[in-house]
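Asks: Dumping the structure here so I can ask a few things about it.
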Amino acid sequence: MQRITILGATGSIGVSTLDVLARHPEKYQVYALSAHTKVEQLAEQCLRFRPARAVVGSADAAARLAGLLRGHGLRTEVEYGEQALCAIAASDGTDTVMAAIVGAAGLAPTLAAARAGKKILLANKEALVMSGQLFMDTVRDHHAILLPIDSEHNAVFQSLPHSYARDPGAAGVAKIVLTASGGPFLHRAVDTLDAVTPDQACAHPNWVMGRKISVDSATMMNKGLEVIEAHWLFGAPAAQIEVVIHPQSVIHSMVSYVDGSVIAELGNPDMRTPIANALAFPERIASGVAQLDLTTIGALHFTKPDFARFPCLALAYQALEAGGTAPALLNAANEVAVQAFLDARIGFRDIDRVIARVMNENDHGAATSIAAVMAEDGRARAAAARIVADLAG
Ligand code: NAD
Ligand code: MG
């Protein structure tokens with residue numbers, strides 16, 4: 001029996017994870033679930049999966065959750081706050097941690113899971129983008145197992161040999177090709193992008209996701225973060241990580257080898273496939289995803305990304321090349337700008353303007369410790385907030 005903690009159980013990835021787990025009750029048992037504010041949804045999940053522990057974001061939310069659970073005679077222990085998230089990630093009671101909190105808030109508990117040597121199913125790309133080398137070192141030093149949930153990285157993982165040890169040269173890898181749908185604005189006139197609404201930006205053509213990652217997909221910052229994520233997961237330099245626009249999202253990513261072979265993973269765009277793959281690895285389990293029928297799809301298309309249309313993609317490559325805490329600055333500025341856009345305080349194109357200004361106006365340092373990374377994160381958030389306030393007038 002594999003015992004699982006889900007950080008971010010009420011989100012899009014969390015819900016898909018529970019859907020896969022529910023199909024295999026003989027294999028998986030839920031140890032703990034977390035949510036930030038969605039107390040009612042978490043209570044329903046607790047009633048169904050009966051975890052030993054549940055964590056929410058505040059004392060008030062914890063009191064409400066405890067009340068709801070008590071009414072049903074459930075003995076789930078209810079806690080709140082970052083320390084409690086770290087505790088359910090590192091506990092002896094769990095084997096596997098699904099890291100599915102969105103944004104920098106997921107860093108501390110995901111690191112706690114790494115320090116405790118857990119099997120980590122990583123959806124929370126922001127944590128890895130921020131802490132890069134430090135995170136990978138922690139995984140190595142504590143013998144944690146890191147399996148990618150991001151569909152592109154899971155596809156690359158499946159397309160590499162099992163023995164792959166973060167060394168493209170040794171494995172004959174020429175390049176990693178990340179596919180990108182291009183999001184909802186792939187063909188929209190660039191000069192009309194300032195007028196798009198949050199709901200338009202969140203209407204992704206292929207994937208149903210949380211609002212932050214949906215906006216990231218529309219700006220293609222999501223792909224930029226994924227380039228940085230691929231660098232850390234697979235040990236490839238930026239020059240060996242290519243992005244290709246593939247609007248159908250059927251090829252989830254591929255690996256090109258020096259002999260000219262290309263190995264790809266294909267499937268219907270549904271996150272339950274990478275989740276099931278990582279949960280059961282190296283075995284295979286049913287995920288609930290329909291089998292791919294290429295004849296109904298007919299044609300697959302590919303184009304190069306337009307960096308003028310998607311400046312965020314270029315900014316992410318620059319941050320990766322700059323190294324140190326530059327990706328942490330990028331990520332923090334992006335989180336603040338995306339939230340300001342979702343709150344209708346700034347326009348869509350202001351997102352890349354805010355990030356570019358934060359990157360230009362703030363020197364980055366060396367990423368020597370998590371404390372240093374968190375300090376840079378805080379500095380970039382404050383700088384981004386000032387620029388947002390300026391733009392919002
Ligand atoms: P979501 O917004 O649907 O869910 C986020 C979850 O995190 C929720 O359970 C929420 O309660 C929790 N949360 C939010 N803020 C928090 C905070 N400050 N402290 C603690 N918990 C908090 O997001 P999602 O789409 O499920 O994405 C989750 C992560 O997975 C993101 O990092 C995203 O980039 C990544 N990811 C998602 C998808 C997808 O298809 N949704 C695909 C690849 C990667
Ligand atoms: Mg992805």
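Chain identifiers are assigned as A, B, and so on, following the order in which chains appear in the structure tokens; residues are numbered from 1 within each chain, and ligands are numbered from 1 in order of appearance.
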Would you mind listing what lies within 10 Å of A:Asp293 as an NGL selection string, with only C-alpha atoms counted and same-chain residues fewer than 4 positions away left out?
Replies: :A and (267-268 or 297-298)
Asks: Among stretch 295-353 of chain A, which residues carry a DSSP assignment of helix (DSSP H, G or I), reported as a PyMOL selection string?
Replies: chain A and resi 295-297+311-322+326-342+350-353
Asks: Rounded to one decimal in Å, what is the spacing between atom CA of A:Lys38 and atom CA of A:Pro109?
Replies: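 So the two atoms, atom CA of A:Lys38 and atom CA of A:Pro109, lie 18.9 Å apart.
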Asks: If we count only C-alpha atoms and set the cut-off at 8 Å, which residues sit around A:Gly11, ignoring sequence neighbours fewer than 5 positions away in its own chain? Please answer as number ranges by chain.
Replies: A: 35, 100-101, 210
Asks: To check your reading of the model: which residues sit at most 9 Å from ligand 2 when counting only C-alpha atoms and all ligand atoms? Write the answer as a ChimeraX atom specification.
Replies: /A:123,125,149-154,178-180,213,217,222-223,226,252
Asks: For ligand 1, return the neighbouring residues as an NGL selection string (distance at most 8 Å; only C-alpha atoms and all ligand atoms).
Replies: :A and (7-15 or 34-38 or 56-57 or 81-82 or 85 or 99-106 or 122-127 or 149-151 or 207-214 or 222 or 270-271)
Asks: Just list the residues in stretch 239-283 of chain A DSSP gives strand (DSSP E or B) on the backbone, as a PyMOL selection string.
Replies: chain A and resi 241-245+251-257+262-266
Asks: Could you name the residues that touch A:Arg140 at 12 Å or less, counting only C-alpha atoms, but leaving out those on the same chain fewer than 2 positions away, as a CSV table (one decimal) with N, CA and C atoms, in the first residue's frame?
Replies:
```
chain,number,residue,atom,x,y,z
A,111,LEU,N,10.2,21.0,-0.4
A,111,LEU,CA,11.6,20.8,0.1
A,111,LEU,C,11.6,19.9,1.3
A,114,ALA,N,11.5,16.5,0.2
A,114,ALA,CA,12.8,16.1,-0.3
A,114,ALA,C,13.7,15.7,0.8
A,115,ARG,N,13.8,16.6,1.8
A,115,ARG,CA,14.7,16.3,3.0
A,115,ARG,C,14.3,15.0,3.7
A,116,ALA,N,13.0,14.7,3.7
A,116,ALA,CA,12.6,13.4,4.3
A,116,ALA,C,12.8,12.2,3.4
A,117,GLY,N,13.3,12.4,2.2
A,117,GLY,CA,13.6,11.3,1.3
A,117,GLY,C,12.4,10.7,0.7
A,118,LYS,N,11.3,11.5,0.5
A,118,LYS,CA,10.1,10.9,0.0
A,118,LYS,C,10.1,10.8,-1.5
A,119,LYS,N,9.2,10.0,-2.0
A,119,LYS,CA,8.9,10.0,-3.5
A,119,LYS,C,8.0,11.3,-3.8
A,133,GLN,N,19.2,24.4,-8.3
A,133,GLN,CA,20.3,23.5,-7.9
A,133,GLN,C,20.1,23.1,-6.4
A,134,LEU,N,19.7,24.0,-5.6
A,134,LEU,CA,19.5,23.7,-4.2
A,134,LEU,C,18.5,22.6,-4.0
A,135,PHE,N,17.4,22.6,-4.8
A,135,PHE,CA,16.4,21.6,-4.7
A,135,PHE,C,16.9,20.3,-5.2
A,136,MET,N,17.6,20.3,-6.3
A,136,MET,CA,18.1,19.0,-6.9
A,136,MET,C,19.2,18.4,-5.9
A,137,ASP,N,20.0,19.3,-5.3
A,137,ASP,CA,21.0,18.8,-4.3
A,137,ASP,C,20.3,18.1,-3.1
A,138,THR,N,19.2,18.7,-2.7
A,138,THR,CA,18.5,18.2,-1.5
A,138,THR,C,17.9,16.8,-1.9
A,142,HIS,N,19.3,13.4,0.1
A,142,HIS,CA,18.4,12.7,1.0
A,142,HIS,C,17.7,11.5,0.3
A,143,HIS,N,18.3,11.1,-0.9
A,143,HIS,CA,17.8,10.0,-1.6
A,143,HIS,C,16.3,10.0,-1.8
A,144,ALA,N,15.8,11.2,-2.1
A,144,ALA,CA,14.4,11.3,-2.5
A,144,ALA,C,14.3,10.9,-3.9
A,145,ILE,N,13.1,10.6,-4.4
A,145,ILE,CA,12.8,10.3,-5.8
A,145,ILE,C,11.9,11.4,-6.4
A,146,LEU,N,12.4,11.9,-7.5
A,146,LEU,CA,11.6,13.1,-8.1
A,146,LEU,C,11.1,12.6,-9.4
A,165,ALA,N,20.8,9.7,-16.1
A,165,ALA,CA,21.4,10.3,-14.9
A,165,ALA,C,21.7,11.8,-15.1
A,166,ARG,N,20.8,12.6,-15.7
A,166,ARG,CA,20.9,14.0,-15.8
A,166,ARG,C,22.2,14.4,-16.7
A,233,LEU,N,15.6,19.3,-14.1
A,233,LEU,CA,15.3,17.9,-14.1
A,233,LEU,C,16.2,17.0,-14.9
```
Asks: So which one's closest to A:Ala108, A:Ala389, A:Val373, A:Ile263, A:Leu315? Using only C-alpha atoms, please.
Replies: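 Counting only C-alpha atoms, the residue closest to A:Ala108 is A:Val373.
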Asks: Kindly indicate which residue among A:Ala382, A:Ala328, A:Ala189, A:Ala230 lies nearest to A:Ala308, using only C-alpha atoms for the distances.
Replies: A:Ala189
